[in-house]
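Chemist: There's a structure below that I have some questions on.
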Amino acid sequence: MTSPTPHATMSRALGLVRTYGLVALAAAAPLSSWARLGPVTAADVLLALLAATGLAEILMLKTPWRHALPPVGAFALLVVGAASGIAALGNGHVTAIVKELVQLSQVVIVGYAYVFFAARDRRVTDRALIAFAAAFTIHVLLAWIQLFGWEHAFLVRGLTDHRNAFGALAAVACPVLVCVGLAPRRHAALRAWYLLIAVLALFTLTSGGAAAAAVGGILVGASATGWRRGAIALAAVALVALVAQPLALPRVRAAQLRSVSFLPEDESGRRAPSARIRRWQAGMNALADYPALGVGPGQFQKRISEYYFPPFDKLHGSSDDIPGFDVRFDEPGTQCLYEVTAVETGLFGLLALGAFFAGVIARLARRVPVDASGVAAGALGVVAAVLVLGVFTTPLVRGVALTLVLVLALGDASGGDVCAGDRQ
């Protein structure tokens, strides 16, 4: 018997790393807000190691890689961010700017490229989806424990840092889980699990913006696969959102409505603009001063306080005042994606962000008709969800950003002649 050559042995080893590395990354990404190693997360370290093995596979085995590149908008985001960072160097904060650019390139470019590169077989994608669903299930089950074991609904956040991050994670996860669960070419038990965990997640979302985003994403994704599945999703979502949740969990519905209130009442019954409205006004003031390239990547939190002007002064409060979050002072995670992008990188940054999403939509629109797995349709629904979600929070945070890119790249790699399994 002929022994395998070193080239064949290396090819097999790197192939196994690619396959099981993607599965591990799919599990680690949703849990990265919890699994931290100092300033970085376990998912960051895993992605860096996997990217290095992917580079070795490309250089040593000449594995094709060009089509794994993300949409050109991803590179536009990085170029505009770098230009904005250079323009802001005179204000200091060099370390924060460089860190932000490194994280952006790692997630949006390296993360997208690696996931697309690794997801070349539908069986690998299926395993990655199971790992992803398992990690999200942990979040949802813990959220139910928090919902019934803690005093206030605003404290329901799974393993994420706060409820808005949990809502963003759910808005990214639910559309793809529902679309994959509605796809016929799946094991019945898996389909039931995916659909059940998405429904349970919808019950626990206390952010009104995140709930609306998740519902919108589910409807867009399901409708993209056909009107029958779209109708099923519409009926199910209507039952949960309009009947089951208000009756079974009225305090969750009250928290959702309060979280998006623009003119909340204070203790005296007087109404005043919410913290979100005041921050938007401050963002417009900052953009007026730095319209082209903004104040620099990662500088929103440091600089925004300079731009609160009467009558929309910055409100202050205690984190112990849970009901006051989001409406009487700044709750973590309530920063609008579009406002943060505009303040940090200016109008050019907004254009680059729009180009990125447009590029992803164009790619996914080509995949949906040839993808029977539901992943591409689910990813298209995720884009729709993020566009809504961006008004109320930003998905580019620890535990959500890499998950978002993972789902988009999996959808982009699904269907047609992209998967090696489809070519055989």
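Identifiers for the structure tokens are assigned positionally: chains receive A, B, ... in sequence, residues are indexed from 1 per chain, and ligands are indexed from 1 in the order shown.
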If we count only C-alpha atoms, what is near A:Arg367 at a cut-off of 7 Å, once residues fewer than 5 positions away on the same chain are taken out, given as an MDAnalysis selection string?
Modeler: chainID A and resid 376 412 414:416
Chemist: For stretch 146-162 of chain A, find every residue with an atom within 8 Å (counting only C-alpha atoms), except residues of its own chain fewer than 5 positions away, and show them as a list of chain:residue names.
Modeler: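 My reading of the contact set: A:Leu31, A:Ser33, A:Trp34, A:Ile138, A:His139, A:Val140, A:Leu141, A:Gly167, A:Thr204, A:Leu205, A:Thr206, A:Arg251, A:Val252, A:Ala255, A:Ile322, A:Pro323, A:Pro332, A:Gly333, A:Gly399.
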Chemist: Deliver the residues from the most recent selection as a file, using C-alpha atoms, as an mmCIF file, in the first residue's frame.
Modeler:
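Printed below is out.cif as written:
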```cif
data_model
loop_
_atom_site.group_PDB
_atom_site.id
_atom_site.type_symbol
_atom_site.label_atom_id
_atom_site.label_comp_id
_atom_site.auth_asym_id
_atom_site.auth_seq_id
_atom_site.Cartn_x
_atom_site.Cartn_y
_atom_site.Cartn_z
ATOM 1 C CA LEU A 31 -20.635 33.499 23.234
ATOM 2 C CA SER A 33 -19.191 38.592 24.985
ATOM 3 C CA TRP A 34 -18.878 36.082 27.835
ATOM 4 C CA ILE A 138 -27.728 28.812 25.959
ATOM 5 C CA HIS A 139 -28.442 32.549 25.756
ATOM 6 C CA VAL A 140 -32.188 32.037 25.390
ATOM 7 C CA LEU A 141 -32.535 29.529 28.227
ATOM 8 C CA GLY A 167 -31.694 41.921 21.457
ATOM 9 C CA THR A 204 -37.713 37.465 26.012
ATOM 10 C CA LEU A 205 -36.776 40.573 24.012
ATOM 11 C CA THR A 206 -37.346 43.636 26.187
ATOM 12 C CA ARG A 251 -44.281 43.298 31.677
ATOM 13 C CA VAL A 252 -42.065 42.390 28.725
ATOM 14 C CA ALA A 255 -40.659 47.217 28.744
ATOM 15 C CA ILE A 322 -33.467 50.343 35.944
ATOM 16 C CA PRO A 323 -36.782 51.787 34.655
ATOM 17 C CA PRO A 332 -25.601 50.893 27.464
ATOM 18 C CA GLY A 333 -26.105 49.811 23.889
ATOM 19 C CA GLY A 399 -20.691 39.086 20.840
#
```
Chemist: Report, in Å to a single decimal, how far apart atom CA of A:Gly296 and atom CA of A:Gly85 are.
Modeler: 4.9 Å
Chemist: Please, what distance in Å, to one decimal, runs between atom CA of A:Leu353 and atom CA of A:Ala413?
Modeler: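 Going from atom CA of A:Leu353 over to atom CA of A:Ala413 covers 21.2 Å.
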Chemist: Env of A:Leu50: 8 Å cut, atoms = only C-alpha atoms, seq-sep filter 2 positions within chain, self excluded. Answer as a PyMOL selection string.
Modeler: chain A and resi 17-18+21+46-48+52-54+114
Chemist: In Å, with one decimal, what is the gap from atom CA of A:Phe262 to atom CA of A:Thr334?
Modeler: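 Atom CA of A:Thr334 lies at a distance of 12.7 Å from atom CA of A:Phe262.
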Chemist: From the set A:Ile197, A:Ala292, A:Leu219, A:Ala282, which residue has the shortest atom-to-atom contact distance to A:Tyr308, counting only C-alpha atoms?
Modeler: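 Between A:Ile197, A:Ala292, A:Leu219, A:Ala282, the residue approaching A:Tyr308 most closely is A:Ala282.
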Chemist: Out of A:Ala56, A:Ile86, A:Ala165, A:Met284, which residue has the shortest atom-to-atom distance to A:Arg398 when counting only C-alpha atoms?
Modeler: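 Of the candidates, the smallest distance to A:Arg398 is held by A:Ala165.
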Chemist: Let me make sure I understand: among A:Val94, A:Val360, A:Ala133, A:Leu315, which one has the smallest atom-to-atom distance to A:Leu177 if we use only C-alpha atoms?
Modeler: A:Ala133
Chemist: Taking 4 positions as the minimum chain separation for residues in the same chain, which residues sit within 12 Å of A:Gln103 when counting only C-alpha atoms? Answer as a ChimeraX atom specification.
Modeler: /A:39-41,44-45,47-48,78,81,96-99,107-111,297-298,396-398,401-402
Chemist: Would you mind listing what lies within 6 Å of A:Gly378 as a list in words, with only C-alpha atoms counted and same-chain residues fewer than 6 positions away left out?
Modeler: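 With the cut-off at 6 Å, the set is Pro175, Val176, Cys179 and Gly221 of chain A.
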Chemist: Those residues you just picked out, can you put them in a file as a PDB file, in the first residue's frame with N, CA and C atoms?
Modeler:
```pdb
ATOM      1  N   PRO A 175     -33.874  35.297  12.321  1.00  0.00           N
ATOM      2  CA  PRO A 175     -34.253  35.113  10.906  1.00  0.00           C
ATOM      3  C   PRO A 175     -33.624  33.891  10.262  1.00  0.00           C
ATOM      4  N   VAL A 176     -32.353  33.654  10.513  1.00  0.00           N
ATOM      5  CA  VAL A 176     -31.706  32.508   9.862  1.00  0.00           C
ATOM      6  C   VAL A 176     -32.198  31.192  10.460  1.00  0.00           C
ATOM      7  N   CYS A 179     -35.701  30.562   8.905  1.00  0.00           N
ATOM      8  CA  CYS A 179     -35.642  30.176   7.487  1.00  0.00           C
ATOM      9  C   CYS A 179     -35.068  28.777   7.305  1.00  0.00           C
ATOM     10  N   GLY A 221     -36.960  37.238   5.437  1.00  0.00           N
ATOM     11  CA  GLY A 221     -36.273  36.002   5.093  1.00  0.00           C
ATOM     12  C   GLY A 221     -37.227  34.908   4.661  1.00  0.00           C
TER      13      GLY A 221
END
```
Chemist: Find the residue from A:Leu77, A:Leu249, A:Val178, A:Ala168 that sits nearest to A:Ala355; use only C-alpha atoms when measuring.
Modeler: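 Between A:Leu77, A:Leu249, A:Val178, A:Ala168, the residue approaching A:Ala355 most closely is A:Leu77.
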Chemist: Return as a ChimeraX atom specification the full set of residues in stretch 132-250 of chain A whose backbone-based DSSP assignment is helix (DSSP H, G or I).
Modeler: /A:132-149,153-155,163-182,188-204,208-224,227-248,250
Chemist: Which one of A:Gly354, A:Pro369, A:Gly294, A:Gly317 sits closest to A:Ala88 if you count only C-alpha atoms?
Modeler: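 Result for the nearest residue to A:Ala88: A:Gly294.
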Chemist: Write out as a list of chain:residue names the residues lying within 9 Å of A:Thr341, counting only C-alpha atoms and excluding same-chain residues fewer than 4 positions away.
Modeler: A:Gly294, A:Pro297, A:Phe300, A:Cys336, A:Leu337, A:Thr345, A:Gly346, A:Leu347, A:Gly349, A:Leu350, A:Leu353
